[in-house]
Structure formats: C-alpha cells, structure tokens
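See below for the structure under consideration.
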Amino acid sequence: MPFSSLPLTCEDQLVLADLAYVNFSCVMNQEETLTLYDAAIRMLSRSYIVDDYRDRKDYVFLSEIISKVRFSSLCLSDVVNNFDEEMTKQFFALTFHLPDGSLVISYRGTDMSLTGWKEDFNMSFEDTVPSQKDALSYLNRIAAKYKGKIFLTGHSKGGNLAVYATANASKRIQQRIVRVFNNDGPGFNEESRTYSILPSIADKVVTIVPSSSIVGMLLEHLPSYRVIESTSVSIFQHDPYTWCFDGPHFAYKENLSDDSLMMNRILSTWIKSLSREKRETFVDSLFSIFGNAGIKTFRLNSTDVIMRGPDFIRAYFSLAREERKMLKDVTMSLARIAGEMFFDHDDEKGNEKGLLDEKGKKGELQ
C-alpha cells in the first residue's frame with residue numbers, strides 16, 4: 001500500500017532504521033538523491049565482500065525490501081559517513097523523503113568497529129559523545145535544507161542519537177518533529193544535560209524494546225516504552241530481524257521478561273556504584289587491551305579469538321599494575337552485585353509490572 005494511502009507507521013520506521021546499516025556511502029555521495037530502488041541496485045550490483053552475519057542479513061533485507069512498492073520508490077539523500085578513530089567517533093545517517101514531503105532521518109547504530117563500541121561505552125561517563133554532536137548537526141542541516149515535517153529513527157545507538165538530536169534541537173526545529181523512534185537504544189548518563197531535558201520531548205518519543213532487552217535498558221530513559229516479542233533470547237533479541245509481527249503490526253507483549261528486569265537492576269546498580277572517573281578508567285583500560293592486541297573490529301570468528309589469545313594476555317599484562325587491579329575490582333563488583341540481586345530475586349519477583357496505554361505496550365525503566 002503506498003504512503004499516500006497509509007501514512008508512516010511504527011513498523012515502517014523500523015524498516016528505515018534498518019536500512020541505515022547498509023553502506024550506501026559506498027555508492028552515492030552526500031549531494032546525491034536516488035530512489036531506494038536505484039541506490040539498492042548500485043549496492044547489490046557492485047563487487048562487495050560481505051564481512052559478517054550483520055552484513056549478510058542487511059543485504060538480504062535490502063534485496064527483499066526493494067521489491068515492495070511501498071518502499072522502492074522512496075527517495076534517499078544526504079548520506080553521511082563520519083568515522084574517526086582518533087576522536088572515537090562512528091556516525092552514519094541518511095534521509096528518506098516521503099511522498100507528502102515529510103522527511104525521515106535515520107541514524108545508524110553501532111557497527112562492528114572497536115571505535116564504535118568504545119564510543120558506546122563512553123556514554124556511561126561523558127555528557128556528550130562525538131556521534132551525538134554529529135547527529136544534532138545533521139538534523140540542523142536537514143531542517144535548513146528541506147521543508148516539511150520531520151521524523152527521526154534509529155536502532156541501538158541510532159535510537160539514542162535520534163533522541164539526543166531532538167532533545168537538543170531548537171524549539172523551531174522541535175515544532176517540525178512529529179515523532180522520534182528509539183528502537184532498543186541505550187539511554188543517557190543521569191548527570192548529563194540531555195537526560196534532564198528529556199521530559200520536554202516525552203510526547204514525541206516512542207521507545208520500542210524486545211521482551212528481553214538489555215541494550216535498550218542501559219542508562220537512563222524516559223519512563224515509557226513498548227515491548228515487542230522476539231524469536232531469539234537474551235542479548236540476541238537486540239537484533240531487529242528477530243522481532244515479531246502479528247500480521248502487518250508488531251506483536252506486542254505487556255511486560256518485559258523477568259530476566260530483562262533483573263539485568264536492568266544489576267547493570268543500573270553496578271554503573272551507579274562507580275564514580276565517573278572510575279567508569280572512564282575502566283573503559284579506557286578495557287579497550288586499551290583490545291587495541292594493544294591489534295583488534296580494530298569485532299568481526300572475529302572462534303578461530304580468530306583462539307589465535308589472538310596470546311595477544312590478549314600480553315596486552316593485559318602490559319597494563320600498569322594499578323590498572324589491572326582496577327579492572328579486577330570493577331569486574332568483581334559486578335559479580336558481587338549480580339549475586340546479591342539473584343539471591344533477593346524471589347522476594348522481589350512480580351513487583352515490576354508494565355503499563356498499557358492507547359499507543360501500545362509500555363513499562364517503566366529504572
């Protein structure tokens with residue numbers, strides 16, 4: 001069904017969020033505008049080595065979605081890919097143009113690079129990470145370049161970027177924003193300015209998480225969200241290709257799973273138990289091990305991990321004694337908190353229930 005007959009839906013936005021993982025910057029520049037069909041043909045016809053399971057899924061998805069009339073004729077433009085290892089920045093965004101003149105800005109989530117993952121971890125202690133600044137700049141540029149209503153979407157870190165950009169945009173731009181979709185994206189450091197102003201955009205934000213969400217429970221969020229079924233388990237539910245549909249709509253659940261609620265409490269308690277300085281030192285030390293072991297990407301198979309074992313050991317012992325002790329202490333504190341939480345679990349089970357409103361299934365984040 002064309003967009004002229006059925007406006008953008010919650011399910012549509014997930015399609016556009018997933019498309020941000022396709023490397024369109026390989027086949028079109030920032031100034032080009034192409035239909036999704038034409039951009040996809042360029043991608044699918046080029047000689048390209050698919051590096052991992054995520055790439056394989058994205059390319060299968062792309063080949064299937066261009067056969068759908070609803071999406072194939074959409075135009076996409078302003079493809080931006082900013083990656084800077086020195087700045088610890090991994091940012092990608094593009095804009096889709098709907099037939100009624102509305103715009104959908106789609107931000108990419110974390111890729112498989114060490115840089116992308118470290119930037120995510122930095123969110124636990126930094127008020128603003130580089131990709132968040134780029135997300136706001138991108139929104140400002142698109143709003144100045146085009147007229148029309150604006151939607152923002154993203155999966156994982158991309159959802160966080162969509163919320164960040166909206167919260168920090170000018171009132172004039174916020175008035176043009178209809179809805180912001182955060183698909184299992186992490187929240188914000190509770191000490192950051194962005195977290196303090198989230199209530200001002202609460203009516204625009206739709207947060208969607210799978211029933212066993214872990215990533216989407218990290219840090220601090222707005223208090224409502226919709227829970228969706230998944231065909232996978234635990235952390236693997238973060239993959240949007242495992243999310244379930246009931247006909248043309250998402251298959252919603254009323255509550256998060258007990259495992260998700262438990263993990264949320266454990267990680268939230270653990271993070272809050274660490275000072276900002278200790279979080280920063282922990283993240284820097286942890287990722288220095290990966291860097292010193294020669295790891296730049298997490299595209300590693302089991303053989304790679306085994307072969308890299310000696311490198312990891314050498315990298316660990318290359319750290320100062322104080323750093324090694326800190327890593328051990330912080331890791332042990334997580335284990336201790338987890339043990340205490342599991343011990344008390346039976347007494348607390350059933351105390352956390354979801355809320356249901358006219359928009360869908362919701363619950364409350366810690």
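We label chains A, B, ... in the order they appear in the structure tokens, count residues from 1 in each chain, and number ligands from 1 in the order shown.
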With a distance cut-off of 6 Å and only C-alpha atoms, select the neighbouring residues of region 200-210 of chain A, excluding the residue or stretch itself and same-chain residues fewer than 2 positions from it, and output the selection as a PyMOL selection string. chain A and resi 179-184+197-198+212-213+225-229
Show me a table, sorted first by chain and then by increasing residue number, of the residues of region 162-276 of chain A having an atom at most 12 Å from region 141-146 of chain A, each with its shortest atom pair and the distance in Å to one decimal, counting only C-alpha atoms and written as JSON lines.
{"residue": "A:Ala165", "atom": "CA", "partner": "A:Arg141", "partner_atom": "CA", "distance": 11.7}
{"residue": "A:Thr166", "atom": "CA", "partner": "A:Ala143", "partner_atom": "CA", "distance": 11.6}
{"residue": "A:Ala169", "atom": "CA", "partner": "A:Ala143", "partner_atom": "CA", "distance": 10.2}
{"residue": "A:Ser170", "atom": "CA", "partner": "A:Ala143", "partner_atom": "CA", "distance": 10.6}
{"residue": "A:Arg172", "atom": "CA", "partner": "A:Ala143", "partner_atom": "CA", "distance": 9.7}
{"residue": "A:Ile173", "atom": "CA", "partner": "A:Ala143", "partner_atom": "CA", "distance": 6.9}
{"residue": "A:Gln174", "atom": "CA", "partner": "A:Ala143", "partner_atom": "CA", "distance": 10.0}
{"residue": "A:Gln175", "atom": "CA", "partner": "A:Ala143", "partner_atom": "CA", "distance": 11.1}
{"residue": "A:Arg176", "atom": "CA", "partner": "A:Ala143", "partner_atom": "CA", "distance": 8.6}
{"residue": "A:Ile177", "atom": "CA", "partner": "A:Ala143", "partner_atom": "CA", "distance": 9.7}
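Between Tyr107 (chain A) and the candidates A:Tyr21, A:Phe342, A:Phe250, A:Phe121, the tightest atom-to-atom separation, counting only C-alpha atoms, involves A:Tyr21.
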Can you list, as a VMD selection string, every residue of region 149-361 of chain A that DSSP puts in helix (DSSP H, G or I)? chain A and resid 157 to 168 171 to 176 193 to 204 215 to 217 234 to 238 240 to 242 258 to 273 276 to 292 302 to 317 321 to 348
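Pairwise distance (CA of Pro240 (chain A), CA of Lys133 (chain A)) equals 25.3 Å.
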Select, from A:Ile150, A:Leu267, A:Ala39, A:His155, the residue with the minimum atom-to-atom distance to Gly101 (chain A), counting only C-alpha atoms.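 Among A:Ile150, A:Leu267, A:Ala39, A:His155, it is A:Ile150 that comes nearest to Gly101 (chain A).
Picture a line from CA of Ser232 (chain A) to CA of Met217 (chain A); it runs 17.1 Å.
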How close does region 214-283 of chain A get to region 313-328 of chain A? List, as a Markdown table, each residue of region 214-283 of chain A within 12 Å, its nearest atom pair and the distance in Å to one decimal, counting only C-alpha atoms.
| residue | atom | partner | partner_atom | distance |
| --- | --- | --- | --- | --- |
| A:Leu274 | CA | A:Met326 | CA | 11.3 |
| A:Glu277 | CA | A:Met326 | CA | 11.7 |
| A:Lys278 | CA | A:Met326 | CA | 8.4 |
| A:Arg279 | CA | A:Leu327 | CA | 10.3 |
| A:Glu280 | CA | A:Met326 | CA | 11.4 |
| A:Thr281 | CA | A:Glu323 | CA | 8.0 |
| A:Phe282 | CA | A:Leu327 | CA | 6.2 |
| A:Val283 | CA | A:Leu327 | CA | 9.2 |
Tell me which of A:Ala162, A:Leu136, A:Ile289, A:Leu76 sits closest to Ser25 (chain A), counting only C-alpha atoms.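 The answer is A:Leu76, which sits nearest to Ser25 (chain A).
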Please return, as a PyMOL selection string, all residues of region 162-364 of chain A that DSSP assigns to strand (DSSP E) on the basis of the backbone. chain A and resi 177-183+205-210+226-228+245-246+249-250+252-253+355-357+360-362
For the selection just defined, write its residues with N, CA and C atoms to a file, as a compact mmCIF listing (two decimals), in the first residue's frame.
# COMPACT_ATOMS: atom_id res chain seq x y z
N ILE A 177 9.16 18.41 14.28
CA ILE A 177 9.35 16.99 14.53
C ILE A 177 8.05 16.36 15.02
N VAL A 178 7.58 15.36 14.27
CA VAL A 178 6.32 14.70 14.61
C VAL A 178 6.55 13.57 15.61
N ARG A 179 7.54 12.72 15.34
CA ARG A 179 7.78 11.56 16.18
C ARG A 179 9.25 11.16 16.12
N VAL A 180 9.74 10.62 17.23
CA VAL A 180 11.11 10.12 17.33
C VAL A 180 11.03 8.67 17.77
N PHE A 181 11.65 7.77 17.01
CA PHE A 181 11.58 6.34 17.31
C PHE A 181 12.95 5.84 17.79
N ASN A 182 12.96 5.31 18.98
CA ASN A 182 14.17 4.72 19.56
C ASN A 182 13.97 3.22 19.65
N ASN A 183 14.63 2.48 18.77
CA ASN A 183 14.49 1.03 18.71
C ASN A 183 15.60 0.35 19.51
N VAL A 205 8.49 10.95 21.72
CA VAL A 205 9.37 9.79 21.69
C VAL A 205 8.60 8.48 21.83
N VAL A 206 8.87 7.55 20.93
CA VAL A 206 8.35 6.19 21.02
C VAL A 206 9.55 5.25 21.17
N THR A 207 9.64 4.58 22.30
CA THR A 207 10.73 3.65 22.56
C THR A 207 10.21 2.23 22.43
N ILE A 208 10.89 1.43 21.62
CA ILE A 208 10.49 0.05 21.38
C ILE A 208 11.63 -0.86 21.82
N VAL A 209 11.31 -1.86 22.64
CA VAL A 209 12.33 -2.79 23.12
C VAL A 209 11.80 -4.22 23.01
N PRO A 210 12.68 -5.19 22.75
CA PRO A 210 12.26 -6.59 22.78
C PRO A 210 12.04 -7.03 24.23
N ARG A 226 7.39 0.47 24.64
CA ARG A 226 6.57 -0.62 24.12
C ARG A 226 7.41 -1.88 24.03
N VAL A 227 6.84 -2.98 24.44
CA VAL A 227 7.56 -4.25 24.47
C VAL A 227 7.10 -5.12 23.31
N ILE A 228 8.05 -5.69 22.59
CA ILE A 228 7.74 -6.48 21.40
C ILE A 228 8.31 -7.89 21.55
N PHE A 245 6.02 -10.04 14.29
CA PHE A 245 4.86 -9.34 13.78
C PHE A 245 3.61 -10.18 13.98
N ASP A 246 2.51 -9.50 14.18
CA ASP A 246 1.19 -10.12 14.19
C ASP A 246 0.44 -9.54 13.01
N HIS A 249 1.40 -5.74 11.84
CA HIS A 249 1.79 -4.94 13.01
C HIS A 249 2.73 -5.72 13.92
N PHE A 250 3.44 -4.97 14.77
CA PHE A 250 4.29 -5.62 15.75
C PHE A 250 3.47 -6.50 16.68
N TYR A 252 3.02 -7.22 20.16
CA TYR A 252 3.39 -6.61 21.44
C TYR A 252 3.17 -7.56 22.61
N LYS A 253 3.95 -7.35 23.65
CA LYS A 253 3.78 -8.03 24.93
C LYS A 253 3.48 -6.99 26.00
N LEU A 355 2.95 -1.02 32.04
CA LEU A 355 1.79 -0.17 31.88
C LEU A 355 1.31 -0.29 30.45
N LEU A 356 0.03 -0.11 30.25
CA LEU A 356 -0.56 -0.21 28.91
C LEU A 356 -1.31 1.07 28.61
N ASP A 357 -1.02 1.71 27.47
CA ASP A 357 -1.79 2.88 27.09
C ASP A 357 -2.28 2.71 25.67
N GLY A 360 0.19 1.46 22.84
CA GLY A 360 0.78 0.12 22.77
C GLY A 360 1.20 -0.36 24.15
N LYS A 361 2.07 -1.32 24.20
CA LYS A 361 2.51 -1.89 25.45
C LYS A 361 3.67 -1.07 26.00
N LYS A 362 3.58 -0.80 27.30
CA LYS A 362 4.62 0.03 27.91
C LYS A 362 5.00 -0.51 29.27
Skip region 332-335 of chain A itself and residues of its chain fewer than 4 positions away, then list as a PyMOL selection string all residues within 9 Å of it, counting only C-alpha atoms. chain A and resi 266-267+269-271+273+327-328+339-340
Would you export the selected residues with C-alpha atoms as an mmCIF file, in the first residue's frame, please?
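Contents of selection-v8.cif, as written:
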data_model
loop_
_atom_site.group_PDB
_atom_site.id
_atom_site.type_symbol
_atom_site.label_atom_id
_atom_site.label_comp_id
_atom_site.auth_asym_id
_atom_site.auth_seq_id
_atom_site.Cartn_x
_atom_site.Cartn_y
_atom_site.Cartn_z
ATOM 1 C CA ILE A 266 22.083 -5.351 38.091
ATOM 2 C CA LEU A 267 23.665 -3.117 35.449
ATOM 3 C CA THR A 269 23.156 -0.639 40.300
ATOM 4 C CA TRP A 270 26.650 -1.508 39.107
ATOM 5 C CA ILE A 271 27.077 1.589 36.939
ATOM 6 C CA SER A 273 28.168 2.311 42.175
ATOM 7 C CA LEU A 327 39.786 -3.958 36.170
ATOM 8 C CA LYS A 328 39.646 -6.908 38.534
ATOM 9 C CA GLY A 339 24.946 -12.471 43.163
ATOM 10 C CA GLU A 340 23.141 -10.279 45.681
#
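Proximity to Pro99 (chain A) was assessed for A:Met112, A:Leu19, A:Ala338, A:Leu6 counting only C-alpha atoms; the smallest distance is recorded for A:Leu6.
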Within 9 Å of Glu11 (chain A), counting only C-alpha atoms, which residues show up once you throw out same-chain ones fewer than 2 positions away? Write them as a ChimeraX atom specification, please. /A:8-9,13-15,248-250
